[in-house]
Amino acid sequence: MASPQALTVHNLTEGWSFKQADDHSEDAWLPVARVPTNVHLDLIAHEKIPDPFLGFNELKAEWVADKTWTYKVQLPQVGEPKEGTVHVLAFDGLDTFATIKLNGESILESDNMFIPHRLDVTKQLKPGSENTLEIDFASARLRAIEIKEAHPEHSWVGFNGDMARLAVRKAQYHWGWDWGPVLNTCGPWRPVRLETYHARISDLRTDYKLDDNPKSVSGTITATVEGKSGKTVAFEMRNPDNEVVFKGSAVVNSEGSAQAQFRLDSPMLWYPHGYGEQPLYTVTATLSADDVKLHDATRRTGFRKGELVQEPDEVGKTFFFRINGVDVFCGGSDWIPADSFTPRVTEEKYRKWLQMMVDGYQVMIRIWGGGIWEEDVFYDLCDELGVLVWQDFMFGCGNYPAFPEILQSIRNECIANVGRLRHHPSIVIYAGNNEDYQVQEQYGLTYEYEDKNPENWLKSNFPARYIYEKLLPEVVEAESPHVPYHPGSPWGDGLITSNPKVGDMHQWNVWHGTQEKYQIFDTLGGRFNSEFGMEAFPHIDTIKYYCTDPTQLYPQSHMLDFHNKADGHERRIATYLVENFRTATDLEAFIHLTQLSQAEALMFGYRGWRKQWGQKRFCGGALVWQLNDCWPVTSWSIVDYFQRKKPAYYAMRRVLAPIAVAVKRAHHDWSVVHARVPKSSDYECWVASSRPTEVTATVELRFISIATGKEIKEKIVKKDIQIVPNSTTDVLSGTIDNINEEPHVLAARIWIDGEIVARDVDWPQPLKYLDFEDRGVEIYSRGDTILVKARKPTKGLVFEERTGVLVNDSAIDVVPGDEQVIKVKGLAADDAPLKWTYLGRN
């Protein structure tokens with residue numbers, strides 16, 4: 001037998017061409033810039049469709065989804081296969097109905113975008129001559145309709161998009177959502193490779209347990225080996241300083257597995273950012289035969305104990321995360337795919353998105369179930385940066401079918417993806433779906449929580465319960481037992497999903513539903529608020545990018561409405577603006593108002609829920625819907641498609657800071673009581689801290705006239721207050737006399753070690769009743785700082801979001817006698833100063 005051969009890899013990124021399958025003309029084949037790709041990107045590159053993100057062009061790209069598209073490439077030449085050598089074609093992801101042909105012969109049919117495939121083509125390849133790989137991608141949209149029609153026994157109901165989508169294992173947002181276009185893609189959306197080897201490590205798994213104290217970590221490293229010639233596996237673990245901390249070796253057993261036990265004393269533990277470091281250990285397995293190295297595999301992992309704490313309490317049952325014994329308030333965001341065409345999302349873009357979260361004191365990101373299992377680099381960055389990941393399984397807003405073929409496909413998909421992700425310390429929860437239990441409630445589908453027989457669930461009109469309460473928990477238990485599983489988002493012990501006492505909830509009664517005032521957001525929350533939000537227009541430059549007709553640059557234009565997919569968005573934006581602000585029709589002023597409305601809404605939510613965290617963990621976290629966009633649009637995002645931050649990003653950052661002071665007067669619902677002002681209003685002032693230790697602080701509260709900027713009564717200063725660690729500290733409370741005291745703001749500041757670390761300003765509501773004329777704002781741009789002063793209380797001072805320039809604060813409230821210094825990065829000495837505006841500025 002020939003000596004074993006080390007693994008070689010040809011990444012098939014270049015040399016591809018594509019065509020519409022039924023186009024038989026001579027010039028039908030067009031070159032493809034690179035794989036991974038999808039058909040829309042290649043059609044845009046050849047100007048066969050206009051950019052669907054511009055104007056109404058989405059409509060001009062609809063036809064693409066109903067065609068079959070073919071991709072082909074010539075494979076690198078291979079020699080005569082040596083004994084024991086295999087050639088494998090590896091496909092990390094094919095979107096979605098794919099027929100793979102090698103030299104004209106069909107070798108695989110795939111129907112799940114999320115399943116990777118490996119095909120042994122040793123016998124089919126012709127040595128020394130050309131081999132052609134061809135992939136036909138059929139229309140997922142039309143196939144979905146066929147499958148739906150073939151199953152009339154199923155209740156095809158849900159929210160968003162064509163319900164035929166439920167029949168297909170493909171990113172559900174491709175059918176359109178209430179923030180995204182209808183762009184149904186196909187193509188080789190993840191890498192394609194030709195691999196040649198005798199044997200390889202197909203999986204490398206580290207299972208571990210931390211002692212309770214934790215002075216040591218012990219566990220098992222397992223390598224799964226494919227191919228008969230691999231004999232031994234050498235294991236090595238290196239610490240973050242690249243020092244070897246464990247070495248071992250094992251013989252490959254008859255099942256193709258090699259295992260080593262390890263123990264580390266005094267391991268460095270992985271924490272979310274703000275709570276500790278993110279040390280990552282590198283585990284390497286090297287497969288050998290007769291002293292020839294055949295293949296090595298590496299995973300970076302971190303050691304941590306992650307718990308989802310659900311314990312009965314006086315309200316119901318807690319729902320919060322504990323990492324290495326430390327309770328963590330999970331303020332953060334929900335994440336959708338960063339593009340309608342994901343192959344063009346670069347590592348640099350991912351890094352910028354996740355760094356924004358860290359810079360904004362956001363500690364958790366939820367990967368939403370209607371998108372994609374994210375790229376490896378996404379999770380790598382979360383590990384590095386200390387961002388906790390809530391990972392939904394890929395089911396969203398629907399009553400999914402559970403016939404035998406789709407159940408098998410789902411099982412394969414979830415085993416592959418949970419196995420791929422299990423080494424990431426950042427992943428702290430798997431949730432079965434997004435809002436599918438809400439669909440069950442809304443459409444009256446059968447759900448008897450007490451019935452624990454899974455076979456009965458399959459016979460009901462809500463068969464997906466079998467997926468969420470049997471199939472998925474089994475996969476997580478087998479593949480990633482150190483991560484808790486939760487049946488859905490929202491979900492809580494089989495109770496109605498809006499139950500505020502148990503589980504997580506999606507609070508949409510601000511914006512959707514009963515359209516409550518955002519000032520009372522904090523009273524509407526539950527044990528963990530995994531979705532809530534408020535829409536806002538994106539930056540004017542983003543609108544000018546997609547608005548191809550200058551006559552359409554006004555707030556209610558057809559083109560601007562086309563770039564807002566939310567049901568009833570016109571009346572909802574109008575409602576929240578007209579209730580709170582003096583409305584404006586000029587586009588830039590209107591943008592500012594919608595963005596202030598969003599910033600205010602999210603501030604009221606986060607500020608109150610964080611306070612409840614300190615009150616016996618009544619609220620374990622809050623994730624805003626949503627961090628990002630997949631195209632240029634008006635949506636609930638706090639940062640738009642071009643990574644331009646909306647003011648809400650900064651409002652969230654202030655209330656999620658490690659130490660945040662808060663002041664709030666009792667809310668008075670002006671709209672139902674003849675717009676009468678109450679005779680008096682109680683107020684309270686508190687401090688929220690995520691610090692692990694007690695700190696000593698000084699808190700000041702001032703009472704400043706909105707009309708004159710003068711203090712209407714003596715300020716209150718509390719010195720040497722002990723701020724309780726990882727909790728809420730009540731500082732003071734009092735009463736405002738609305739009859740004898742003129743309208744005024746409550747302005748709070750907190751000092752630690754002589755430095756102001758946080759501010760908060762509470763205003764009489766609604767803001768539309770206040771006069772913001774002549775605020776006396778002065779702004780001085782000085783290199784890498786901007787100095788801000790005001791003679792009278794000023795609301796929502798926003799700086800321009802300029803590409804390449806970062807400000808550390810914006811959307812600020814400014815009061816007299818408290819000048820603020822904003823830090824700026826990326827502004828050159830000869831650049832024009834950043835533009836700015838504030839509420840009521842003419």
# chains A, B, ... in the order shown; residues from 1 in each chain; ligands from 1

$ closest_atom_pairs --of "stretch 237-352 of chain A" --to "stretch 417-437 of chain A" --cutoff "8 Å" --atoms "only C-alpha atoms" --output "CSV"
residue,atom,partner,partner_atom,distance
A:Trp270,CA,A:Pro425,CA,7.3
A:Pro272,CA,A:Ser426,CA,7.8
A:Arg299,CA,A:His423,CA,7.0
A:Arg300,CA,A:His423,CA,7.0
A:Thr301,CA,A:His423,CA,5.3
A:Gly302,CA,A:Pro425,CA,5.2
A:Phe303,CA,A:Pro425,CA,6.8
A:Arg304,CA,A:Pro425,CA,6.8
A:Gly306,CA,A:Val428,CA,6.2
A:Glu307,CA,A:Val428,CA,7.7
A:Leu308,CA,A:Ile429,CA,7.8

$ residues_around --residues "A:Leu596" --least-positions-apart "6" --cutoff "12 Å" --atoms "only C-alpha atoms" --output "PyMOL selection string"
chain A and resi 534-538+573+576-577+580-581+589-590+602-603+638+646-651+767+795-798+810-813+837-840

$ select_by_dssp --residues "stretch 21-86 of chain A" --states "strand (DSSP E or B)" --output "ChimeraX atom specification"
/A:30-31,69-74,86

$ select_by_dssp --residues "stretch 314-465 of chain A" --states "alpha helix (DSSP H)" --output "ChimeraX atom specification"
/A:347-359,376-385,404-421,436-442,454-459,465

$ write_last_selection --atoms "C-alpha atoms" --output "PDB file, in the first residue's frame"
ATOM      1  CA  GLU A 347     -15.615  39.807   8.380  1.00  0.00           C
ATOM      2  CA  GLU A 348     -14.893  43.520   8.724  1.00  0.00           C
ATOM      3  CA  LYS A 349     -18.635  44.297   8.705  1.00  0.00           C
ATOM      4  CA  TYR A 350     -19.375  41.594  11.264  1.00  0.00           C
ATOM      5  CA  ARG A 351     -16.593  42.930  13.484  1.00  0.00           C
ATOM      6  CA  LYS A 352     -17.937  46.472  13.240  1.00  0.00           C
ATOM      7  CA  TRP A 353     -21.474  45.339  14.146  1.00  0.00           C
ATOM      8  CA  LEU A 354     -20.352  43.389  17.191  1.00  0.00           C
ATOM      9  CA  GLN A 355     -17.840  46.005  18.328  1.00  0.00           C
ATOM     10  CA  MET A 356     -20.722  48.509  18.299  1.00  0.00           C
ATOM     11  CA  MET A 357     -22.542  46.298  20.775  1.00  0.00           C
ATOM     12  CA  VAL A 358     -19.543  46.155  23.093  1.00  0.00           C
ATOM     13  CA  ASP A 359     -19.027  49.924  22.799  1.00  0.00           C
ATOM     14  CA  ASP A 376     -18.380  30.907  11.901  1.00  0.00           C
ATOM     15  CA  VAL A 377     -16.743  34.321  12.049  1.00  0.00           C
ATOM     16  CA  PHE A 378     -19.806  35.788  13.786  1.00  0.00           C
ATOM     17  CA  TYR A 379     -19.494  33.393  16.724  1.00  0.00           C
ATOM     18  CA  ASP A 380     -15.680  33.690  16.747  1.00  0.00           C
ATOM     19  CA  LEU A 381     -16.061  37.440  17.206  1.00  0.00           C
ATOM     20  CA  CYS A 382     -18.638  36.988  19.975  1.00  0.00           C
ATOM     21  CA  ASP A 383     -16.145  34.701  21.764  1.00  0.00           C
ATOM     22  CA  GLU A 384     -13.365  37.269  21.359  1.00  0.00           C
ATOM     23  CA  LEU A 385     -15.429  40.299  22.339  1.00  0.00           C
ATOM     24  CA  PRO A 404     -41.477  12.476   8.240  1.00  0.00           C
ATOM     25  CA  GLU A 405     -39.230  13.827   5.431  1.00  0.00           C
ATOM     26  CA  ILE A 406     -39.047  17.342   6.848  1.00  0.00           C
ATOM     27  CA  LEU A 407     -38.456  16.035  10.395  1.00  0.00           C
ATOM     28  CA  GLN A 408     -35.434  14.085   9.145  1.00  0.00           C
ATOM     29  CA  SER A 409     -34.124  17.138   7.298  1.00  0.00           C
ATOM     30  CA  ILE A 410     -34.588  19.301  10.405  1.00  0.00           C
ATOM     31  CA  ARG A 411     -32.792  16.750  12.580  1.00  0.00           C
ATOM     32  CA  ASN A 412     -29.838  16.620  10.148  1.00  0.00           C
ATOM     33  CA  GLU A 413     -29.717  20.417   9.941  1.00  0.00           C
ATOM     34  CA  CYS A 414     -29.732  20.893  13.690  1.00  0.00           C
ATOM     35  CA  ILE A 415     -27.174  18.164  14.427  1.00  0.00           C
ATOM     36  CA  ALA A 416     -24.841  19.692  11.832  1.00  0.00           C
ATOM     37  CA  ASN A 417     -25.197  23.250  13.140  1.00  0.00           C
ATOM     38  CA  VAL A 418     -25.215  22.607  16.883  1.00  0.00           C
ATOM     39  CA  GLY A 419     -22.165  20.373  16.322  1.00  0.00           C
ATOM     40  CA  ARG A 420     -20.475  23.154  14.347  1.00  0.00           C
ATOM     41  CA  LEU A 421     -21.122  25.689  17.106  1.00  0.00           C
ATOM     42  CA  ASP A 436     -44.456  30.008  16.749  1.00  0.00           C
ATOM     43  CA  TYR A 437     -46.297  29.547  20.057  1.00  0.00           C
ATOM     44  CA  GLN A 438     -47.847  32.981  19.450  1.00  0.00           C
ATOM     45  CA  VAL A 439     -49.069  31.702  16.082  1.00  0.00           C
ATOM     46  CA  GLN A 440     -50.556  28.693  17.912  1.00  0.00           C
ATOM     47  CA  GLU A 441     -52.412  31.051  20.284  1.00  0.00           C
ATOM     48  CA  GLN A 442     -53.552  33.512  17.649  1.00  0.00           C
ATOM     49  CA  PRO A 454     -45.156  13.343  21.510  1.00  0.00           C
ATOM     50  CA  GLU A 455     -47.048  11.028  19.136  1.00  0.00           C
ATOM     51  CA  ASN A 456     -50.250  12.893  20.013  1.00  0.00           C
ATOM     52  CA  TRP A 457     -48.581  16.214  19.175  1.00  0.00           C
ATOM     53  CA  LEU A 458     -47.828  14.985  15.652  1.00  0.00           C
ATOM     54  CA  LYS A 459     -51.510  14.160  15.121  1.00  0.00           C
ATOM     55  CA  ARG A 465     -44.659  21.061  19.071  1.00  0.00           C
TER      56      ARG A 465
END

$ residues_around --residues "stretch 249-266 of chain A" --least-positions-apart "2" --cutoff "12 Å" --atoms "only C-alpha atoms" --output "ChimeraX atom specification"
/A:199-211,213-239,244-247,268-269,281,283-289,303

$ atom_distance --atom1 "atom CA of A:Val73" --atom2 "atom CA of A:Trp16"
4.6 Å

$ atom_distance --atom1 "atom CA of A:Pro401" --atom2 "atom CA of A:Trp156"
8.1 Å

$ residues_around --residues "stretch 500-506 of chain A" --least-positions-apart "3" --cutoff "7 Å" --atoms "only C-alpha atoms" --output "PyMOL selection string"
chain A and resi 315-319+489-492+497+525-532

$ write_last_selection --atoms "N, CA and C atoms" --output "mmCIF file, in the first residue's frame"
data_model
loop_
_atom_site.group_PDB
_atom_site.id
_atom_site.type_symbol
_atom_site.label_atom_id
_atom_site.label_comp_id
_atom_site.auth_asym_id
_atom_site.auth_seq_id
_atom_site.Cartn_x
_atom_site.Cartn_y
_atom_site.Cartn_z
ATOM 1 N N VAL A 315 -43.141 36.411 42.505
ATOM 2 C CA VAL A 315 -43.903 36.857 41.332
ATOM 3 C C VAL A 315 -44.341 35.671 40.482
ATOM 4 N N GLY A 316 -43.447 34.725 40.286
ATOM 5 C CA GLY A 316 -43.717 33.585 39.426
ATOM 6 C C GLY A 316 -42.475 32.722 39.336
ATOM 7 N N LYS A 317 -41.666 32.973 38.291
ATOM 8 C CA LYS A 317 -40.426 32.224 38.135
ATOM 9 C C LYS A 317 -39.396 33.124 37.464
ATOM 10 N N THR A 318 -38.177 33.143 37.996
ATOM 11 C CA THR A 318 -37.128 33.994 37.427
ATOM 12 C C THR A 318 -36.736 33.495 36.035
ATOM 13 N N PHE A 319 -36.077 34.366 35.286
ATOM 14 C CA PHE A 319 -35.510 33.987 33.989
ATOM 15 C C PHE A 319 -34.312 34.917 33.764
ATOM 16 N N SER A 489 -39.226 31.334 21.670
ATOM 17 C CA SER A 489 -39.168 32.721 22.143
ATOM 18 C C SER A 489 -40.346 33.445 21.505
ATOM 19 N N PRO A 490 -41.355 33.866 22.270
ATOM 20 C CA PRO A 490 -41.449 33.741 23.726
ATOM 21 C C PRO A 490 -42.061 32.400 24.131
ATOM 22 N N TRP A 491 -41.759 31.995 25.375
ATOM 23 C CA TRP A 491 -42.320 30.753 25.926
ATOM 24 C C TRP A 491 -42.128 30.759 27.427
ATOM 25 N N GLY A 492 -43.096 30.184 28.140
ATOM 26 C CA GLY A 492 -42.954 30.057 29.584
ATOM 27 C C GLY A 492 -43.861 28.987 30.146
ATOM 28 N N THR A 497 -48.107 33.141 25.994
ATOM 29 C CA THR A 497 -46.768 33.714 25.775
ATOM 30 C C THR A 497 -46.640 35.149 26.282
ATOM 31 N N GLY A 525 -43.315 45.006 30.852
ATOM 32 C CA GLY A 525 -42.341 43.935 30.638
ATOM 33 C C GLY A 525 -42.625 42.695 31.453
ATOM 34 N N GLY A 526 -41.801 41.673 31.199
ATOM 35 C CA GLY A 526 -41.901 40.422 31.929
ATOM 36 C C GLY A 526 -40.573 40.038 32.544
ATOM 37 N N ARG A 527 -40.355 38.731 32.686
ATOM 38 C CA ARG A 527 -39.136 38.241 33.342
ATOM 39 C C ARG A 527 -37.904 38.399 32.465
ATOM 40 N N PHE A 528 -38.108 38.386 31.151
ATOM 41 C CA PHE A 528 -37.013 38.632 30.208
ATOM 42 C C PHE A 528 -37.684 39.114 28.925
ATOM 43 N N ASN A 529 -37.335 40.322 28.485
ATOM 44 C CA ASN A 529 -38.024 40.944 27.345
ATOM 45 C C ASN A 529 -37.175 40.755 26.088
ATOM 46 N N SER A 530 -37.440 39.641 25.386
ATOM 47 C CA SER A 530 -36.544 39.275 24.287
ATOM 48 C C SER A 530 -36.874 39.977 22.973
ATOM 49 N N GLU A 531 -37.968 40.722 22.940
ATOM 50 C CA GLU A 531 -38.260 41.622 21.805
ATOM 51 C C GLU A 531 -39.121 42.771 22.292
ATOM 52 N N PHE A 532 -38.810 43.966 21.794
ATOM 53 C CA PHE A 532 -39.648 45.158 21.959
ATOM 54 C C PHE A 532 -38.998 46.200 21.060
#

$ residues_around --residues "A:Gln515" --least-positions-apart "6" --cutoff "10 Å" --atoms "only C-alpha atoms" --output "PDB file with N, CA, C and O atoms, in the first residue's frame"
ATOM      1  N   TRP A 508     -44.935  43.788  22.386  1.00  0.00           N
ATOM      2  CA  TRP A 508     -45.232  44.622  21.214  1.00  0.00           C
ATOM      3  C   TRP A 508     -46.485  45.475  21.404  1.00  0.00           C
ATOM      4  O   TRP A 508     -47.096  45.899  20.434  1.00  0.00           O
ATOM      5  N   ASN A 509     -46.878  45.724  22.671  1.00  0.00           N
ATOM      6  CA  ASN A 509     -48.013  46.623  22.877  1.00  0.00           C
ATOM      7  C   ASN A 509     -47.609  48.090  22.835  1.00  0.00           C
ATOM      8  O   ASN A 509     -48.455  48.973  22.978  1.00  0.00           O
ATOM      9  N   ARG A 572     -48.837  54.362  12.708  1.00  0.00           N
ATOM     10  CA  ARG A 572     -48.151  54.132  13.981  1.00  0.00           C
ATOM     11  C   ARG A 572     -47.068  55.167  14.217  1.00  0.00           C
ATOM     12  O   ARG A 572     -46.939  55.706  15.320  1.00  0.00           O
ATOM     13  N   THR A 575     -48.911  58.289  15.054  1.00  0.00           N
ATOM     14  CA  THR A 575     -49.487  58.276  16.408  1.00  0.00           C
ATOM     15  C   THR A 575     -48.445  58.675  17.440  1.00  0.00           C
ATOM     16  O   THR A 575     -48.689  59.549  18.289  1.00  0.00           O
ATOM     17  N   TYR A 576     -47.289  58.021  17.389  1.00  0.00           N
ATOM     18  CA  TYR A 576     -46.275  58.303  18.414  1.00  0.00           C
ATOM     19  C   TYR A 576     -45.692  59.700  18.261  1.00  0.00           C
ATOM     20  O   TYR A 576     -45.349  60.341  19.263  1.00  0.00           O
TER      21      TYR A 576
END

$ residues_around --residues "A:Ile520" --least-positions-apart "6" --cutoff "12 Å" --atoms "only C-alpha atoms" --output "CSV table (one decimal) with all heavy atoms, in the first residue's frame"
chain,number,residue,atom,x,y,z
A,507,GLN,N,-42.7,42.0,23.9
A,507,GLN,CA,-43.6,43.1,24.3
A,507,GLN,C,-43.8,44.0,23.1
A,507,GLN,O,-43.1,44.9,22.9
A,507,GLN,CB,-43.1,43.8,25.5
A,507,GLN,CG,-44.0,44.9,26.0
A,507,GLN,CD,-45.5,44.5,26.0
A,507,GLN,OE1,-46.2,44.6,25.0
A,507,GLN,NE2,-46.0,44.0,27.2
A,509,ASN,N,-46.9,45.7,22.7
A,509,ASN,CA,-48.0,46.6,22.9
A,509,ASN,C,-47.6,48.1,22.8
A,509,ASN,O,-48.5,49.0,23.0
A,509,ASN,CB,-48.8,46.3,24.2
A,509,ASN,CG,-49.7,45.1,23.9
A,509,ASN,OD1,-50.3,45.0,22.8
A,509,ASN,ND2,-49.9,44.3,24.9
A,510,VAL,N,-46.3,48.4,22.7
A,510,VAL,CA,-45.9,49.7,22.2
A,510,VAL,C,-45.6,49.4,20.7
A,510,VAL,O,-44.9,48.4,20.4
A,510,VAL,CB,-44.7,50.2,22.9
A,510,VAL,CG1,-44.1,51.5,22.3
A,510,VAL,CG2,-45.0,50.5,24.4
A,600,GLU,N,-36.3,57.8,22.9
A,600,GLU,CA,-37.1,57.9,24.2
A,600,GLU,C,-37.8,56.6,24.6
A,600,GLU,O,-37.7,56.2,25.7
A,600,GLU,CB,-38.1,59.0,24.0
A,600,GLU,CG,-37.6,60.4,23.9
A,600,GLU,CD,-37.2,61.0,25.2
A,600,GLU,OE1,-38.1,61.4,26.0
A,600,GLU,OE2,-36.0,61.0,25.5
A,601,ALA,N,-38.4,56.0,23.6
A,601,ALA,CA,-39.1,54.7,23.9
A,601,ALA,C,-38.2,53.7,24.5
A,601,ALA,O,-38.5,53.0,25.5
A,601,ALA,CB,-39.8,54.2,22.6
A,602,LEU,N,-37.0,53.5,23.8
A,602,LEU,CA,-36.1,52.5,24.3
A,602,LEU,C,-35.5,52.8,25.6
A,602,LEU,O,-35.3,52.0,26.5
A,602,LEU,CB,-35.0,52.2,23.2
A,602,LEU,CG,-35.5,51.7,21.9
A,602,LEU,CD1,-34.4,51.3,21.0
A,602,LEU,CD2,-36.6,50.7,22.0
A,603,MET,N,-35.2,54.1,25.8
A,603,MET,CA,-34.7,54.6,27.1
A,603,MET,C,-35.7,54.2,28.2
A,603,MET,O,-35.3,53.7,29.2
A,603,MET,CB,-34.4,56.1,27.1
A,603,MET,CG,-33.9,56.7,28.4
A,603,MET,SD,-35.1,57.0,29.6
A,603,MET,CE,-36.0,58.4,28.8
A,604,PHE,N,-37.0,54.5,28.0
A,604,PHE,CA,-38.0,54.3,29.1
A,604,PHE,C,-38.0,52.8,29.4
A,604,PHE,O,-38.1,52.4,30.5
A,604,PHE,CB,-39.3,54.8,28.7
A,604,PHE,CG,-39.6,56.2,29.0
A,604,PHE,CD1,-39.6,57.2,28.0
A,604,PHE,CD2,-39.8,56.6,30.3
A,604,PHE,CE1,-39.8,58.6,28.3
A,604,PHE,CE2,-40.0,58.0,30.6
A,604,PHE,CZ,-40.0,58.9,29.6
A,605,GLY,N,-37.9,51.9,28.3
A,605,GLY,CA,-38.0,50.5,28.5
A,605,GLY,C,-36.7,50.0,29.3
A,605,GLY,O,-36.9,49.4,30.4
A,606,TYR,N,-35.6,50.2,28.7
A,606,TYR,CA,-34.3,49.7,29.3
A,606,TYR,C,-34.1,50.3,30.8
A,606,TYR,O,-33.7,49.5,31.6
A,606,TYR,CB,-33.1,50.1,28.5
A,606,TYR,CG,-32.8,49.1,27.4
A,606,TYR,CD1,-33.1,49.5,26.1
A,606,TYR,CD2,-32.3,47.9,27.6
A,606,TYR,CE1,-32.9,48.6,25.0
A,606,TYR,CE2,-32.0,47.0,26.6
A,606,TYR,CZ,-32.3,47.4,25.3
A,606,TYR,OH,-32.1,46.5,24.3
A,607,ARG,N,-34.4,51.5,30.9
A,607,ARG,CA,-34.1,52.1,32.3
A,607,ARG,C,-34.9,51.5,33.3
A,607,ARG,O,-34.4,51.1,34.4
A,607,ARG,CB,-34.4,53.7,32.2
A,607,ARG,CG,-34.0,54.4,33.5
A,607,ARG,CD,-34.2,55.9,33.3
A,607,ARG,NE,-35.6,56.2,33.2
A,607,ARG,CZ,-36.1,57.5,33.1
A,607,ARG,NH1,-35.3,58.5,33.1
A,607,ARG,NH2,-37.4,57.7,33.0
A,608,GLY,N,-36.2,51.3,33.0
A,608,GLY,CA,-37.1,50.7,34.1
A,608,GLY,C,-36.8,49.2,34.3
A,608,GLY,O,-36.8,48.7,35.4
A,609,TRP,N,-36.5,48.5,33.2
A,609,TRP,CA,-36.3,47.0,33.3
A,609,TRP,C,-35.0,46.8,34.0
A,609,TRP,O,-34.8,45.8,34.8
A,609,TRP,CB,-36.4,46.4,32.0
A,609,TRP,CG,-37.7,46.4,31.4
A,609,TRP,CD1,-38.9,46.4,32.1
A,609,TRP,CD2,-38.1,46.5,30.0
A,609,TRP,NE1,-40.0,46.4,31.3
A,609,TRP,CE2,-39.5,46.5,30.0
A,609,TRP,CE3,-37.4,46.6,28.8
A,609,TRP,CZ2,-40.2,46.6,28.8
A,609,TRP,CZ3,-38.1,46.6,27.6
A,609,TRP,CH2,-39.5,46.6,27.6
A,664,LYS,N,-37.0,59.9,37.5
A,664,LYS,CA,-38.2,59.7,36.7
A,664,LYS,C,-39.4,60.2,37.5
A,664,LYS,O,-39.5,59.8,38.7
A,664,LYS,CB,-38.4,58.2,36.4
A,664,LYS,CG,-39.6,57.9,35.6
A,664,LYS,CD,-39.8,56.4,35.4
A,664,LYS,CE,-41.0,56.2,34.5
A,664,LYS,NZ,-41.8,55.1,34.9
A,665,ARG,N,-40.2,61.0,36.9
A,665,ARG,CA,-41.5,61.4,37.6
A,665,ARG,C,-42.6,60.4,37.2
A,665,ARG,O,-42.5,59.8,36.1
A,665,ARG,CB,-41.9,62.9,37.2
A,665,ARG,CG,-42.4,63.1,35.9
A,665,ARG,CD,-42.5,64.6,35.6
A,665,ARG,NE,-41.2,65.2,35.3
A,665,ARG,CZ,-41.0,66.5,35.4
A,665,ARG,NH1,-42.0,67.4,35.7
A,665,ARG,NH2,-39.8,67.0,35.1
A,666,ALA,N,-43.6,60.3,38.1
A,666,ALA,CA,-44.6,59.3,37.8
A,666,ALA,C,-45.3,59.7,36.5
A,666,ALA,O,-45.5,60.9,36.2
A,666,ALA,CB,-45.6,59.3,38.9
A,667,HIS,N,-45.7,58.7,35.7
A,667,HIS,CA,-46.3,59.0,34.4
A,667,HIS,C,-47.8,59.4,34.6
A,667,HIS,O,-48.5,58.7,35.3
A,667,HIS,CB,-46.2,57.8,33.4
A,667,HIS,CG,-46.9,58.1,32.1
A,667,HIS,ND1,-46.5,59.1,31.3
A,667,HIS,CD2,-48.0,57.5,31.6
A,667,HIS,CE1,-47.3,59.1,30.2
A,667,HIS,NE2,-48.2,58.2,30.4
A,668,HIS,N,-48.2,60.4,33.9
A,668,HIS,CA,-49.6,60.9,34.0
A,668,HIS,C,-50.1,60.8,32.5
A,668,HIS,O,-49.6,61.4,31.6
A,668,HIS,CB,-49.6,62.3,34.5
A,668,HIS,CG,-51.0,62.9,34.4
A,668,HIS,ND1,-52.1,62.5,35.1
A,668,HIS,CD2,-51.5,63.9,33.5
A,668,HIS,CE1,-53.1,63.2,34.8
A,668,HIS,NE2,-52.8,64.1,33.9
A,669,ASP,N,-51.1,59.9,32.3
A,669,ASP,CA,-51.6,59.7,31.0
A,669,ASP,C,-52.5,60.9,30.6
A,669,ASP,O,-53.7,61.0,30.8
A,669,ASP,CB,-52.4,58.4,30.9
A,669,ASP,CG,-52.6,58.0,29.4
A,669,ASP,OD1,-52.4,58.9,28.5
A,669,ASP,OD2,-52.9,56.8,29.2
A,765,GLN,N,-44.0,65.3,30.5
A,765,GLN,CA,-44.5,64.7,29.3
A,765,GLN,C,-45.9,65.2,29.0
A,765,GLN,O,-46.6,65.5,30.0
A,765,GLN,CB,-44.5,63.2,29.4
A,765,GLN,CG,-43.1,62.6,29.7
A,765,GLN,CD,-42.2,62.6,28.5
A,765,GLN,OE1,-42.6,62.6,27.3
A,765,GLN,NE2,-40.9,62.6,28.7

$ residues_around --residues "A:Lys67" --least-positions-apart "4" --cutoff "10 Å" --atoms "only C-alpha atoms" --output "PDB file with C-alpha atoms, in the first residue's frame"
ATOM      1  CA  GLN A  20     -30.564  30.788 -16.521  1.00  0.00           C
ATOM      2  CA  ALA A  21     -31.122  27.042 -16.967  1.00  0.00           C
ATOM      3  CA  ASP A  22     -33.570  27.348 -19.866  1.00  0.00           C
ATOM      4  CA  TRP A  63     -38.858  37.169 -11.712  1.00  0.00           C
ATOM      5  CA  PHE A 137     -30.861  25.502  -8.389  1.00  0.00           C
ATOM      6  CA  ALA A 138     -34.615  25.163  -8.779  1.00  0.00           C
ATOM      7  CA  SER A 139     -37.064  27.836  -7.624  1.00  0.00           C
ATOM      8  CA  ALA A 140     -37.543  27.505  -3.860  1.00  0.00           C
ATOM      9  CA  ARG A 141     -40.643  29.681  -4.097  1.00  0.00           C
ATOM     10  CA  LEU A 142     -42.374  27.430  -6.625  1.00  0.00           C
ATOM     11  CA  CYS A 186     -30.432  30.686  -4.731  1.00  0.00           C
TER      12      CYS A 186
END
